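run_2.cif (mmCIF, C-alpha atoms) appears below.
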data_upload
#
loop_
_atom_site.group_PDB
_atom_site.id
_atom_site.type_symbol
_atom_site.label_atom_id
_atom_site.label_comp_id
_atom_site.auth_asym_id
_atom_site.auth_seq_id
_atom_site.Cartn_x
_atom_site.Cartn_y
_atom_site.Cartn_z
ATOM 1 C CA MET N 1 -46.683 -17.255 -43.171
ATOM 2 C CA ASP N 2 -45.605 -16.977 -39.581
ATOM 3 C CA ASN N 3 -47.171 -18.393 -36.443
ATOM 4 C CA ASN N 4 -48.814 -15.042 -35.674
ATOM 5 C CA SER N 5 -50.877 -15.345 -38.864
ATOM 6 C CA PHE N 6 -52.056 -18.816 -37.911
ATOM 7 C CA PHE N 7 -52.914 -17.625 -34.396
ATOM 8 C CA ALA N 8 -54.734 -14.533 -35.697
ATOM 9 C CA ILE N 9 -56.813 -16.639 -38.092
ATOM 10 C CA LEU N 10 -57.638 -19.146 -35.343
ATOM 11 C CA ILE N 11 -58.661 -16.457 -32.830
ATOM 12 C CA GLY N 12 -60.555 -14.579 -35.553
ATOM 13 C CA GLY N 13 -62.697 -17.618 -36.307
ATOM 14 C CA LEU N 14 -63.206 -18.386 -32.656
ATOM 15 C CA LEU N 15 -64.103 -14.943 -31.355
ATOM 16 C CA VAL N 16 -64.086 -12.017 -33.776
ATOM 17 C CA ASN N 17 -65.672 -13.590 -36.851
ATOM 18 C CA ASN N 18 -67.756 -16.195 -35.032
ATOM 19 C CA PHE N 19 -70.341 -16.797 -37.729
ATOM 20 C CA VAL N 20 -73.119 -17.791 -35.332
ATOM 21 C CA LEU N 21 -72.743 -14.878 -32.938
ATOM 22 C CA SER N 22 -71.600 -12.079 -35.246
ATOM 23 C CA GLN N 23 -73.083 -13.018 -38.627
ATOM 24 C CA PHE N 24 -76.066 -15.133 -37.525
ATOM 25 C CA LEU N 25 -75.257 -17.885 -40.028
ATOM 26 C CA GLY N 26 -75.838 -21.586 -39.362
ATOM 27 C CA ILE N 27 -78.685 -20.910 -36.965
ATOM 28 C CA CYS N 28 -80.828 -23.902 -38.048
ATOM 29 C CA PRO N 29 -78.528 -26.678 -36.774
ATOM 30 C CA PHE N 30 -77.426 -24.381 -33.954
ATOM 31 C CA LEU N 31 -80.937 -24.096 -32.543
ATOM 32 C CA GLY N 32 -81.948 -27.605 -33.544
ATOM 33 C CA VAL N 33 -79.312 -29.528 -31.611
ATOM 34 C CA SER N 34 -78.611 -27.186 -28.712
ATOM 35 C CA LYS N 35 -81.388 -28.578 -26.503
ATOM 36 C CA LYS N 36 -79.010 -31.039 -24.851
ATOM 37 C CA LEU N 37 -75.287 -30.699 -24.412
ATOM 38 C CA ASN N 38 -74.512 -34.181 -25.770
ATOM 39 C CA GLY N 39 -76.084 -33.339 -29.124
ATOM 40 C CA ALA N 40 -74.395 -29.945 -29.150
ATOM 41 C CA VAL N 41 -70.964 -31.488 -28.632
ATOM 42 C CA GLY N 42 -71.623 -34.163 -31.260
ATOM 43 C CA MET N 43 -72.735 -31.605 -33.851
ATOM 44 C CA SER N 44 -69.787 -29.393 -32.950
ATOM 45 C CA LEU N 45 -67.284 -32.173 -33.582
ATOM 46 C CA ALA N 46 -68.964 -33.011 -36.884
ATOM 47 C CA VAL N 47 -68.833 -29.366 -37.989
ATOM 48 C CA ILE N 48 -65.176 -29.010 -36.937
ATOM 49 C CA PHE N 49 -64.254 -32.109 -38.943
ATOM 50 C CA VAL N 50 -66.168 -31.010 -42.038
ATOM 51 C CA MET N 51 -64.891 -27.400 -41.810
ATOM 52 C CA LEU N 52 -61.283 -28.471 -41.330
ATOM 53 C CA MET N 53 -61.262 -31.075 -44.076
ATOM 54 C CA SER N 54 -63.297 -29.100 -46.615
ATOM 55 C CA THR N 55 -61.260 -25.928 -46.234
ATOM 56 C CA ALA N 56 -58.021 -27.902 -46.485
ATOM 57 C CA ALA N 57 -59.238 -29.658 -49.655
ATOM 58 C CA THR N 58 -60.634 -26.554 -51.341
ATOM 59 C CA TRP N 59 -57.436 -24.709 -52.230
ATOM 60 C CA PRO N 60 -55.596 -27.587 -53.948
ATOM 61 C CA ILE N 61 -58.686 -28.629 -55.888
ATOM 62 C CA TYR N 62 -59.384 -25.066 -56.949
ATOM 63 C CA THR N 63 -55.749 -24.272 -57.748
ATOM 64 C CA TYR N 64 -54.663 -27.510 -59.411
ATOM 65 C CA LEU N 65 -57.881 -28.787 -60.972
ATOM 66 C CA LEU N 66 -60.375 -26.015 -61.644
ATOM 67 C CA VAL N 67 -58.107 -23.083 -62.588
ATOM 68 C CA PRO N 68 -55.771 -24.947 -65.003
ATOM 69 C CA HIS N 69 -58.760 -26.387 -66.859
ATOM 70 C CA GLU N 70 -60.646 -23.064 -66.798
ATOM 71 C CA LEU N 71 -63.450 -24.584 -64.750
ATOM 72 C CA GLU N 72 -63.659 -21.898 -62.061
ATOM 73 C CA TYR N 73 -67.377 -21.529 -62.758
ATOM 74 C CA LEU N 74 -67.856 -25.018 -61.244
ATOM 75 C CA GLN N 75 -66.346 -24.071 -57.890
ATOM 76 C CA THR N 76 -69.644 -23.928 -55.984
ATOM 77 C CA ILE N 77 -70.750 -27.327 -57.262
ATOM 78 C CA VAL N 78 -67.353 -28.900 -56.570
ATOM 79 C CA PHE N 79 -67.194 -27.405 -53.074
ATOM 80 C CA ILE N 80 -70.706 -28.662 -52.271
ATOM 81 C CA LEU N 81 -69.685 -32.142 -53.463
ATOM 82 C CA ILE N 82 -66.615 -32.074 -51.205
ATOM 83 C CA ILE N 83 -68.700 -30.982 -48.232
ATOM 84 C CA ALA N 84 -71.420 -33.546 -49.013
ATOM 85 C CA ALA N 85 -68.869 -36.369 -49.203
ATOM 86 C CA LEU N 86 -67.382 -35.364 -45.849
ATOM 87 C CA VAL N 87 -70.808 -35.102 -44.212
ATOM 88 C CA GLN N 88 -71.716 -38.510 -45.603
ATOM 89 C CA LEU N 89 -68.517 -39.913 -44.087
ATOM 90 C CA VAL N 90 -69.430 -38.403 -40.706
ATOM 91 C CA GLU N 91 -72.998 -39.710 -40.934
ATOM 92 C CA ILE N 92 -71.930 -43.251 -41.833
ATOM 93 C CA THR N 93 -69.322 -43.265 -39.065
ATOM 94 C CA LEU N 94 -71.770 -42.025 -36.438
ATOM 95 C CA LYS N 95 -74.477 -44.436 -37.552
ATOM 96 C CA ARG N 96 -72.050 -47.340 -37.320
ATOM 97 C CA PHE N 97 -70.167 -46.479 -34.125
ATOM 98 C CA ILE N 98 -72.384 -44.078 -32.116
ATOM 99 C CA PRO N 99 -76.019 -44.785 -33.060
ATOM 100 C CA PRO N 100 -77.587 -42.778 -30.186
ATOM 101 C CA LEU N 101 -75.697 -39.645 -31.250
ATOM 102 C CA HIS N 102 -76.605 -40.259 -34.883
ATOM 103 C CA LYS N 103 -80.258 -40.541 -33.888
ATOM 104 C CA SER N 104 -80.168 -37.433 -31.672
ATOM 105 C CA LEU N 105 -78.662 -35.292 -34.446
ATOM 106 C CA GLY N 106 -81.347 -36.487 -36.846
ATOM 107 C CA ILE N 107 -81.966 -34.287 -39.888
ATOM 108 C CA TYR N 108 -79.570 -31.625 -38.648
ATOM 109 C CA LEU N 109 -76.508 -33.711 -39.514
ATOM 110 C CA PRO N 110 -77.223 -33.799 -43.281
ATOM 111 C CA LEU N 111 -78.044 -30.073 -43.098
ATOM 112 C CA ILE N 112 -74.330 -29.443 -42.609
ATOM 113 C CA VAL N 113 -74.052 -29.900 -46.386
ATOM 114 C CA VAL N 114 -76.158 -26.838 -47.107
ATOM 115 C CA ASN N 115 -74.789 -24.859 -44.194
ATOM 116 C CA CYS N 116 -73.866 -21.518 -45.689
ATOM 117 C CA ILE N 117 -70.973 -21.156 -43.265
ATOM 118 C CA ILE N 118 -68.965 -24.044 -44.633
ATOM 119 C CA LEU N 119 -69.584 -23.244 -48.286
ATOM 120 C CA GLY N 120 -69.017 -19.541 -47.669
ATOM 121 C CA ARG N 121 -65.660 -20.123 -45.998
ATOM 122 C CA ALA N 122 -64.616 -22.488 -48.775
ATOM 123 C CA GLU N 123 -65.414 -19.912 -51.443
ATOM 124 C CA ALA N 124 -64.348 -16.748 -49.615
ATOM 125 C CA PHE N 125 -61.217 -17.872 -47.797
ATOM 126 C CA ALA N 126 -60.029 -21.380 -48.599
ATOM 127 C CA SER N 127 -60.028 -21.100 -52.377
ATOM 128 C CA LYS N 128 -57.778 -18.024 -52.167
ATOM 129 C CA ASN N 129 -55.341 -19.006 -49.396
ATOM 130 C CA SER N 130 -52.866 -21.808 -48.762
ATOM 131 C CA VAL N 131 -53.840 -25.195 -47.390
ATOM 132 C CA GLY N 132 -52.327 -24.397 -43.977
ATOM 133 C CA LEU N 133 -54.107 -21.067 -43.598
ATOM 134 C CA SER N 134 -57.332 -22.572 -44.909
ATOM 135 C CA ALA N 135 -57.149 -25.463 -42.454
ATOM 136 C CA MET N 136 -56.466 -23.045 -39.598
ATOM 137 C CA ASP N 137 -59.434 -20.922 -40.699
ATOM 138 C CA GLY N 138 -61.654 -24.013 -40.814
ATOM 139 C CA LEU N 139 -60.476 -25.063 -37.370
ATOM 140 C CA GLY N 140 -61.058 -21.579 -35.965
ATOM 141 C CA MET N 141 -64.521 -21.305 -37.492
ATOM 142 C CA GLY N 142 -65.415 -24.802 -36.290
ATOM 143 C CA CYS N 143 -64.189 -23.996 -32.772
ATOM 144 C CA GLY N 144 -66.187 -20.757 -32.826
ATOM 145 C CA PHE N 145 -69.310 -22.732 -33.753
ATOM 146 C CA THR N 146 -68.462 -25.194 -30.974
ATOM 147 C CA ALA N 147 -68.046 -22.477 -28.352
ATOM 148 C CA ALA N 148 -71.384 -20.889 -29.218
ATOM 149 C CA LEU N 149 -73.173 -24.242 -29.436
ATOM 150 C CA VAL N 150 -71.764 -25.595 -26.157
ATOM 151 C CA VAL N 151 -72.665 -22.427 -24.264
ATOM 152 C CA MET N 152 -76.185 -22.404 -25.713
ATOM 153 C CA GLY N 153 -76.575 -26.164 -25.169
ATOM 154 C CA SER N 154 -75.464 -25.859 -21.544
ATOM 155 C CA ILE N 155 -77.893 -23.040 -20.870
ATOM 156 C CA ARG N 156 -80.825 -24.712 -22.633
ATOM 157 C CA GLU N 157 -80.252 -28.104 -20.996
ATOM 158 C CA PHE N 158 -79.797 -26.622 -17.532
ATOM 159 C CA LEU N 159 -82.839 -24.341 -17.770
ATOM 160 C CA GLY N 160 -85.013 -26.966 -19.481
ATOM 161 C CA ASN N 161 -84.063 -30.087 -17.531
ATOM 162 C CA GLY N 162 -81.928 -28.950 -14.610
ATOM 163 C CA THR N 163 -79.084 -31.120 -15.903
ATOM 164 C CA ILE N 164 -75.793 -30.788 -17.744
ATOM 165 C CA PHE N 165 -74.690 -33.838 -19.740
ATOM 166 C CA GLY N 166 -77.650 -35.565 -18.082
ATOM 167 C CA TRP N 167 -76.305 -35.048 -14.547
ATOM 168 C CA PRO N 168 -78.810 -33.535 -12.116
ATOM 169 C CA ASP N 169 -77.978 -29.963 -11.134
ATOM 170 C CA GLY N 170 -75.136 -30.084 -13.641
ATOM 171 C CA GLY N 171 -73.162 -32.406 -11.372
ATOM 172 C CA LEU N 172 -72.419 -29.465 -9.105
ATOM 173 C CA ILE N 173 -74.282 -30.632 -6.023
#
How does the structure come out when it is put into structure tokens?
Amino acid sequence: MDNNSFFAILIGGLLVNNFVLSQFLGICPFLGVSKKLNGAVGMSLAVIFVMLMSTAATWPIYTYLLVPHELEYLQTIVFILIIAALVQLVEITLKRFIPPLHKSLGIYLPLIVVNCIILGRAEAFASKNSVGLSAMDGLGMGCGFTAALVVMGSIREFLGNGTIFGWPDGGLI
């Protein structure tokens, strides 16, 4: 694959196939943590990490473990386990190193596991494409989620509190 393919996949996930804005998937954590920009950014980084790592891990596991042993029927369960392990890693890390962010994300952080976006991309794209393309797709989709969440978080925080990142008037005045 050439660089144009990587770029097209990245831009597709960011703009064209943005699953929040075009497909209305992942709305629960999107609306739940977009009240303040800090929570929106924290959730965005968690989703990018989980998307990137899960999509990169999906293809080799599917290709080298499930297919040779004729266990393709287990792909959904295996993919959910991969995603759950990554979310658990994020949750433990946040709880240990950034407790206020962990507390502000609350129940929405574990909901990443059942987020149909991540599982859907793992099954629809990552299991059928190379690790590099899958990782780029995960990064693009995660960045698309981030863009939508940061814009919504900025608007909601500014209209609700008159702040952005806790700064009065968004730090503009």
Quiz item: So how many Å separate CA of Cys143 (chain N) and CA of Ile48 (chain N), to one decimal?
Solution: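 Calculated distance between CA of Cys143 (chain N) and CA of Ile48 (chain N) is 6.6 Å.
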Evaluate the PyMOL selection byres ((chain N and resi 108-110) around 12) and record the selected residues as a compact mmCIF listing (two decimals) with C-alpha atoms, in the frame of the given file, following the chain and residue labels used in the document.
# COMPACT_ATOMS: atom_id res chain seq x y z
CA GLY N 26 -75.84 -21.59 -39.36
CA ILE N 27 -78.68 -20.91 -36.97
CA CYS N 28 -80.83 -23.90 -38.05
CA PRO N 29 -78.53 -26.68 -36.77
CA PHE N 30 -77.43 -24.38 -33.95
CA LEU N 31 -80.94 -24.10 -32.54
CA GLY N 32 -81.95 -27.60 -33.54
CA VAL N 33 -79.31 -29.53 -31.61
CA SER N 34 -78.61 -27.19 -28.71
CA GLY N 39 -76.08 -33.34 -29.12
CA ALA N 40 -74.40 -29.94 -29.15
CA GLY N 42 -71.62 -34.16 -31.26
CA MET N 43 -72.74 -31.60 -33.85
CA SER N 44 -69.79 -29.39 -32.95
CA LEU N 45 -67.28 -32.17 -33.58
CA ALA N 46 -68.96 -33.01 -36.88
CA VAL N 47 -68.83 -29.37 -37.99
CA VAL N 50 -66.17 -31.01 -42.04
CA ILE N 83 -68.70 -30.98 -48.23
CA ALA N 84 -71.42 -33.55 -49.01
CA ALA N 85 -68.87 -36.37 -49.20
CA LEU N 86 -67.38 -35.36 -45.85
CA VAL N 87 -70.81 -35.10 -44.21
CA GLN N 88 -71.72 -38.51 -45.60
CA LEU N 89 -68.52 -39.91 -44.09
CA VAL N 90 -69.43 -38.40 -40.71
CA GLU N 91 -73.00 -39.71 -40.93
CA ILE N 92 -71.93 -43.25 -41.83
CA THR N 93 -69.32 -43.26 -39.06
CA LEU N 94 -71.77 -42.02 -36.44
CA LYS N 95 -74.48 -44.44 -37.55
CA LEU N 101 -75.70 -39.65 -31.25
CA HIS N 102 -76.60 -40.26 -34.88
CA LYS N 103 -80.26 -40.54 -33.89
CA SER N 104 -80.17 -37.43 -31.67
CA LEU N 105 -78.66 -35.29 -34.45
CA GLY N 106 -81.35 -36.49 -36.85
CA ILE N 107 -81.97 -34.29 -39.89
CA LEU N 111 -78.04 -30.07 -43.10
CA ILE N 112 -74.33 -29.44 -42.61
CA VAL N 113 -74.05 -29.90 -46.39
CA VAL N 114 -76.16 -26.84 -47.11
CA ASN N 115 -74.79 -24.86 -44.19
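Among the candidates N:Ile117, N:Val20, N:Met53, N:Ile9, the one nearest to Ala148 (chain N) when counting all atoms listed in the file is N:Val20.
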Practice problem: Tell me which of N:Ala124, N:Val78, N:Leu133, N:Leu37 sits closest to Ala56 (chain N), counting all atoms listed in the file. | Solution: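 Distance minimum relative to Ala56 (chain N) lands on N:Leu133.
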Quiz item: Quick one: of N:Phe49, N:Trp59, N:Tyr64, N:Phe145, who's nearest to Gln23 (chain N), counting all atoms listed in the file?
Solution: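 Of the candidates, the smallest distance to Gln23 (chain N) is held by N:Phe145.
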